[in-house]
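The structure file run21.csv is reproduced below (CSV, C-alpha atoms and all ligand atoms).
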```csv
chain,number,residue,atom,x,y,z
A,15,MET,CA,-2.2,18.9,7.9
A,16,ARG,CA,-2.7,15.5,9.6
A,17,THR,CA,-2.9,12.5,7.3
A,18,ARG,CA,-6.3,10.8,7.6
A,19,VAL,CA,-6.1,7.0,8.1
A,20,LYS,CA,-8.6,4.4,6.9
A,21,ILE,CA,-8.3,0.8,8.1
A,22,CYS,CA,-10.0,-1.4,5.6
A,23,GLY,CA,-11.3,-5.0,5.7
A,24,ILE,CA,-12.8,-4.9,9.2
A,25,THR,CA,-14.7,-8.1,10.0
A,26,ARG,CA,-14.6,-8.0,13.9
A,27,ILE,CA,-15.8,-5.5,16.5
A,28,GLU,CA,-12.5,-5.9,18.5
A,29,ASP,CA,-10.5,-4.9,15.4
A,30,ALA,CA,-12.8,-1.9,14.8
A,31,LEU,CA,-12.5,-0.7,18.4
A,32,GLU,CA,-8.7,-1.2,18.4
A,33,ALA,CA,-8.3,0.9,15.2
A,34,ILE,CA,-10.4,3.7,16.7
A,35,ALA,CA,-8.4,3.6,19.9
A,36,ALA,CA,-5.2,3.9,17.8
A,37,GLY,CA,-6.7,7.0,16.1
A,38,ALA,CA,-8.2,5.7,12.8
A,39,ASP,CA,-10.4,8.2,11.0
A,40,ALA,CA,-12.3,5.7,9.0
A,41,LEU,CA,-13.1,2.0,8.9
A,42,GLY,CA,-13.7,0.0,5.6
A,43,PHE,CA,-16.1,-2.9,5.1
A,44,VAL,CA,-15.6,-5.1,2.1
A,45,PHE,CA,-18.9,-6.0,0.4
A,46,TYR,CA,-17.2,-8.0,-2.4
A,47,LYS,CA,-17.9,-11.7,-1.9
A,48,PRO,CA,-14.7,-13.1,-3.5
A,49,SER,CA,-12.6,-11.2,-1.0
A,50,PRO,CA,-11.2,-13.0,2.1
A,51,ARG,CA,-12.3,-9.8,4.0
A,52,TYR,CA,-15.9,-10.0,2.9
A,53,ILE,CA,-18.4,-9.2,5.6
A,54,SER,CA,-22.2,-9.5,5.3
A,55,PRO,CA,-24.1,-6.3,5.5
A,56,GLU,CA,-25.9,-7.6,8.6
A,57,LYS,CA,-22.7,-8.2,10.5
A,58,ALA,CA,-21.2,-4.9,9.3
A,59,GLY,CA,-24.4,-3.2,10.6
A,60,GLU,CA,-24.0,-4.9,14.0
A,61,ILE,CA,-20.4,-3.7,14.3
A,62,ILE,CA,-21.3,-0.2,13.2
A,63,SER,CA,-24.1,0.1,15.7
A,64,GLN,CA,-21.5,-0.3,18.5
A,65,LEU,CA,-19.1,2.3,17.3
A,66,PRO,CA,-18.6,5.7,19.0
A,67,PRO,CA,-19.4,8.9,16.9
A,68,PHE,CA,-17.1,10.8,14.6
A,69,VAL,CA,-15.7,7.7,12.9
A,70,THR,CA,-16.5,7.4,9.2
A,71,THR,CA,-17.7,4.0,8.0
A,72,VAL,CA,-16.9,3.1,4.4
A,73,ALA,CA,-18.7,0.5,2.2
A,74,LEU,CA,-16.4,-1.0,-0.4
A,75,PHE,CA,-18.0,-2.3,-3.6
A,76,VAL,CA,-16.6,-3.9,-6.8
A,77,ASN,CA,-19.0,-3.7,-9.7
A,78,GLU,CA,-22.0,-4.4,-7.5
A,79,PRO,CA,-25.4,-4.0,-9.0
A,80,SER,CA,-27.2,-0.9,-7.9
A,81,ASP,CA,-30.1,-2.7,-6.2
A,82,ASP,CA,-27.7,-4.6,-4.0
A,83,ILE,CA,-25.8,-1.4,-3.1
A,84,TYR,CA,-29.0,0.3,-2.0
A,85,ARG,CA,-29.9,-2.8,0.2
A,86,ILE,CA,-26.4,-3.1,1.7
A,87,LEU,CA,-26.3,0.6,2.6
A,88,GLU,CA,-29.7,0.4,4.2
A,89,VAL,CA,-28.7,-2.6,6.3
A,90,SER,CA,-25.1,-1.7,7.2
A,91,HIS,CA,-25.6,2.1,7.7
A,92,CYS,CA,-22.2,2.9,6.2
A,93,ASP,CA,-21.6,6.7,5.7
A,94,LEU,CA,-19.6,6.7,2.5
A,95,ILE,CA,-19.1,4.5,-0.6
A,96,GLN,CA,-15.8,3.3,-2.0
A,97,PHE,CA,-16.1,2.2,-5.6
A,98,HIS,CA,-13.3,-0.2,-6.3
A,99,GLY,CA,-14.3,-1.6,-9.7
A,100,ASP,CA,-15.0,-0.3,-13.2
A,101,GLU,CA,-18.0,1.8,-12.2
A,102,SER,CA,-18.7,5.0,-14.3
A,103,ALA,CA,-18.8,8.4,-12.7
A,104,GLU,CA,-22.5,8.6,-13.5
A,105,PHE,CA,-23.1,5.3,-11.6
A,106,CYS,CA,-21.0,6.5,-8.6
A,107,GLU,CA,-23.0,9.7,-8.4
A,108,SER,CA,-26.4,8.0,-8.5
A,109,PHE,CA,-26.7,6.9,-4.9
A,110,ASN,CA,-27.0,10.4,-3.3
A,111,ARG,CA,-24.1,9.5,-0.9
A,112,PRO,CA,-20.6,10.8,-0.6
A,113,TRP,CA,-18.2,8.5,-2.5
A,114,ILE,CA,-14.6,7.9,-3.3
A,115,LYS,CA,-13.3,6.2,-6.4
A,116,ALA,CA,-10.4,3.8,-6.5
A,117,LEU,CA,-8.1,4.1,-9.5
A,118,ARG,CA,-5.6,1.3,-10.2
A,119,VAL,CA,-2.4,2.8,-11.4
A,120,LYS,CA,-1.0,1.4,-14.6
A,121,ASP,CA,0.7,4.4,-16.2
A,122,ALA,CA,0.8,8.2,-16.0
A,123,SER,CA,-1.4,9.0,-19.0
A,124,SER,CA,-4.3,6.6,-18.2
A,125,LEU,CA,-4.1,7.8,-14.5
A,126,SER,CA,-4.5,11.5,-15.6
A,127,LEU,CA,-7.5,10.6,-17.8
A,128,GLN,CA,-9.2,8.6,-15.1
A,129,MET,CA,-8.7,11.4,-12.6
A,130,LEU,CA,-10.5,13.9,-14.8
A,131,GLU,CA,-13.4,11.5,-15.2
A,132,PHE,CA,-14.3,11.3,-11.5
A,133,LYS,CA,-14.5,15.1,-10.6
A,134,GLN,CA,-17.4,14.7,-8.2
A,135,ALA,CA,-15.6,12.1,-6.0
A,136,ARG,CA,-14.9,13.4,-2.5
A,137,ALA,CA,-11.4,11.9,-3.0
A,138,LEU,CA,-9.5,9.6,-5.4
A,139,LEU,CA,-7.9,6.5,-3.9
A,140,LEU,CA,-4.8,5.3,-5.8
A,141,ASP,CA,-4.2,1.5,-5.6
A,142,SER,CA,-1.9,-0.9,-7.4
A,143,TYR,CA,-2.8,-2.5,-10.7
A,144,ARG,CA,-2.6,-6.3,-11.0
A,145,PRO,CA,-4.6,-7.8,-13.9
A,146,GLY,CA,-7.7,-9.8,-12.7
A,147,VAL,CA,-7.4,-8.6,-9.0
A,148,PRO,CA,-9.6,-5.6,-8.1
A,149,GLY,CA,-7.7,-4.6,-4.9
A,150,GLY,CA,-6.2,-5.7,-1.6
A,151,THR,CA,-3.1,-6.9,-3.5
A,152,GLY,CA,-0.7,-6.0,-0.8
A,153,GLU,CA,1.6,-4.5,-3.5
A,154,THR,CA,2.8,-1.0,-3.8
A,155,PHE,CA,2.9,0.8,-7.2
A,156,ASN,CA,5.3,3.3,-8.7
A,157,TRP,CA,4.6,6.5,-6.7
A,158,GLU,CA,6.5,8.6,-9.2
A,159,LEU,CA,3.4,8.2,-11.5
A,160,ILE,CA,1.3,10.3,-9.2
A,161,PRO,CA,0.7,13.8,-10.6
A,162,GLU,CA,1.7,16.8,-8.5
A,163,ASP,CA,-1.6,18.7,-8.9
A,164,PRO,CA,-4.4,16.1,-8.7
A,165,PRO,CA,-8.0,17.4,-9.3
A,166,ARG,CA,-9.3,15.8,-6.0
A,167,PRO,CA,-7.8,15.0,-2.6
A,168,LEU,CA,-5.7,11.8,-2.8
A,169,ILE,CA,-5.9,8.7,-0.7
A,170,LEU,CA,-2.8,6.5,-1.1
A,171,ALA,CA,-3.3,2.7,-0.9
A,172,GLY,CA,-1.7,-0.5,-2.1
A,173,GLY,CA,0.9,-2.4,-0.1
A,174,LEU,CA,1.2,0.1,2.7
A,175,THR,CA,2.7,-1.3,5.9
A,176,PRO,CA,4.0,0.0,9.3
A,177,GLU,CA,7.5,-0.2,7.7
A,178,ASN,CA,6.8,2.0,4.6
A,179,ILE,CA,4.1,4.4,5.8
A,180,SER,CA,6.3,7.2,7.1
A,181,SER,CA,8.3,7.5,4.0
A,182,ALA,CA,5.2,7.4,1.9
A,183,VAL,CA,3.5,10.3,3.7
A,184,GLN,CA,6.7,12.3,3.8
A,185,GLN,CA,7.3,11.8,0.1
A,186,LEU,CA,3.7,12.2,-1.2
A,187,GLN,CA,1.8,14.1,1.5
A,188,PRO,CA,-1.6,12.5,0.6
A,189,TYR,CA,-4.8,13.7,2.1
A,190,GLY,CA,-5.2,10.2,3.5
A,191,VAL,CA,-3.9,6.6,3.5
A,192,ASP,CA,-5.7,3.3,3.3
A,193,VAL,CA,-4.5,-0.1,4.5
A,194,SER,CA,-5.8,-3.6,4.6
A,195,GLY,CA,-3.2,-6.4,4.4
A,196,GLY,CA,-0.4,-4.4,5.9
A,197,VAL,CA,-2.1,-4.4,9.4
A,198,GLU,CA,-3.3,-8.0,9.4
A,199,ALA,CA,-2.3,-11.0,11.5
A,200,GLN,CA,-4.1,-13.2,8.9
A,201,LYS,CA,-6.5,-12.4,6.1
A,202,GLY,CA,-9.6,-10.6,7.6
A,203,ILE,CA,-8.1,-10.5,11.1
A,204,LYS,CA,-6.2,-7.4,12.2
A,205,ASP,CA,-3.0,-7.2,14.3
A,206,PRO,CA,-3.3,-4.5,17.1
A,207,VAL,CA,0.4,-3.9,17.2
A,208,LYS,CA,0.6,-3.3,13.4
A,209,ILE,CA,-2.5,-1.0,13.5
A,210,HIS,CA,-0.9,1.2,16.2
A,211,ALA,CA,2.5,1.2,14.5
A,212,PHE,CA,0.8,2.1,11.1
A,213,ILE,CA,-1.3,5.0,12.5
A,214,ARG,CA,1.8,6.4,14.4
A,215,GLY,CA,3.8,6.2,11.2
A,216,ALA,CA,1.1,8.0,9.2
A,217,ASN,CA,1.7,11.2,11.3
A,218,PRO,CA,5.3,11.0,12.3
B,301,LIG,O1,-9.3,-5.8,0.8
B,301,LIG,C1,-9.8,-6.5,-0.2
B,301,LIG,O2,-9.9,-7.7,-0.1
B,301,LIG,C2,-10.2,-5.8,-1.4
B,301,LIG,C3,-10.9,-6.5,-2.4
B,301,LIG,C4,-11.3,-5.9,-3.5
B,301,LIG,C5,-11.1,-4.6,-3.7
B,301,LIG,C6,-10.4,-3.9,-2.8
B,301,LIG,C7,-9.9,-4.4,-1.6
B,301,LIG,N1,-9.2,-3.7,-0.7
B,301,LIG,C8,-8.7,-2.4,-0.9
B,301,LIG,O3,-7.5,-2.5,-1.7
B,301,LIG,C9,-6.6,-1.5,-1.3
B,301,LIG,C10,-5.2,-2.0,-1.0
B,301,LIG,O4,-5.2,-3.0,0.0
B,301,LIG,P1,-3.8,-3.5,0.6
B,301,LIG,O5,-3.5,-2.6,1.7
B,301,LIG,O6,-2.8,-3.5,-0.4
B,301,LIG,O7,-4.1,-4.9,1.2
B,301,LIG,C11,-7.2,-0.8,-0.1
B,301,LIG,O8,-7.9,0.4,-0.6
B,301,LIG,C12,-8.3,-1.7,0.4
B,301,LIG,O9,-9.4,-1.0,0.9
```

For the structure just supplied, provide its representation as structure tokens.
Amino acid sequence: MRTRVKICGITRIEDALEAIAAGADALGFVFYKPSPRYISPEKAGEIISQLPPFVTTVALFVNEPSDDIYRILEVSHCDLIQFHGDESAEFCESFNRPWIKALRVKDASSLSLQMLEFKQARALLLDSYRPGVPGGTGETFNWELIPEDPPRPLILAGGLTPENISSAVQQLQPYGVDVSGGVEAQKGIKDPVKIHAFIRGANP
């Protein structure tokens, strides 16, 4: 099966259109103000209104209050939610929208427990753990900690680049992959050459 690709941290229409032209399945918008890739819901909505159909748009939140999540979804019109903080399964399920949950991988036993907690997620996104940083670290984690039989489809993230993506998908065969820093020219600005190389590498 083809590996689905999400390009995260979109802040400009030209980057969104380049990712789609290269074959991206999903685009991520970071609604977490401390991130250098933060985008306002209004600007995300403006970008999303110009996109062709059949591309999934993903709203990324980190411990955002529910009232703000409702408002941001209404303004931006994102299709799917990515919870990237310490949200509970009950909280994630309460928005009546499809959602994925990011799990930051520390060790095998805590990962297995977390996986069982989020059974209603459409997919589980595995990211690197760095204390005090919720995501977008640009660091890989120990892929040997990933269990062979996960309860939900897996999206691999954390430090993926055009250089390591082929070996990652060949080794792990995830449902999907997610990248932010690995396809940037600078924080929040994507590099078209890296985007194309990454997407080619995801389905060698
Ligand atoms: O991109 C960010 O700035 C970000 C901030 C807070 C939480 C998550 C964030 N990004 C997500 O982190 C992973 C890995 O990113 P990278 O490829 O290592 O840069 C990915 O899922 C991003 O969507």

Hey, which residues sit close to ligand LIG 301 (chain B)? Say within 8 Å, counting only C-alpha atoms and all ligand atoms, and write them as a ChimeraX atom specification. /A:21-23,42,44,46,48-52,74-76,98-99,116,139-142,147-154,170-175,192-196

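For the pair CA of Glu32 (chain A) and CA of Ile53 (chain A), the interatomic distance is 17.9 Å.
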
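Comparing A:Pro218, A:Ile24, A:Ala122, A:Leu138 by their smallest distance to Ala182 (chain A), the closest is A:Pro218 (using only C-alpha atoms).
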
When you look at region 160-165 of chain A with a cut-off of 12 Å (counting all atoms listed in the file), what residues show up, excluding the ones that are within fewer than 6 positions of it in the same chain? I need them as number ranges by chain. A: 117-142, 185-189

Gap from CA of Pro167 (chain A) to CA of Ala73 (chain A) - Å, one decimal: 18.8 Å

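Rounded to one decimal, CA of Ala33 (chain A) and CA of Asp93 (chain A) lie 17.3 Å from each other.
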
Residues near Gln184 (chain A), anyone? I mean within 12 Å using only C-alpha atoms, not counting same-chain ones fewer than 4 positions away, as number ranges by chain. A: 15-17, 178-180, 188-189, 215-218

Determine, counting all atoms listed in the file, which protein, DNA and RNA residues have an atom within 12 Å of an atom of Pro67 (chain A); residues of the same chain fewer than 4 positions away are not included. Present the result as a ChimeraX atom specification. /A:31,34,39-40,62-63,71,93

Neighbours of point (-23.7, -7.5, -8.8) within 12 Å, using all atoms listed in the file, written as a VMD selection string: chain A and resid 45 to 48 75 to 86 99 101
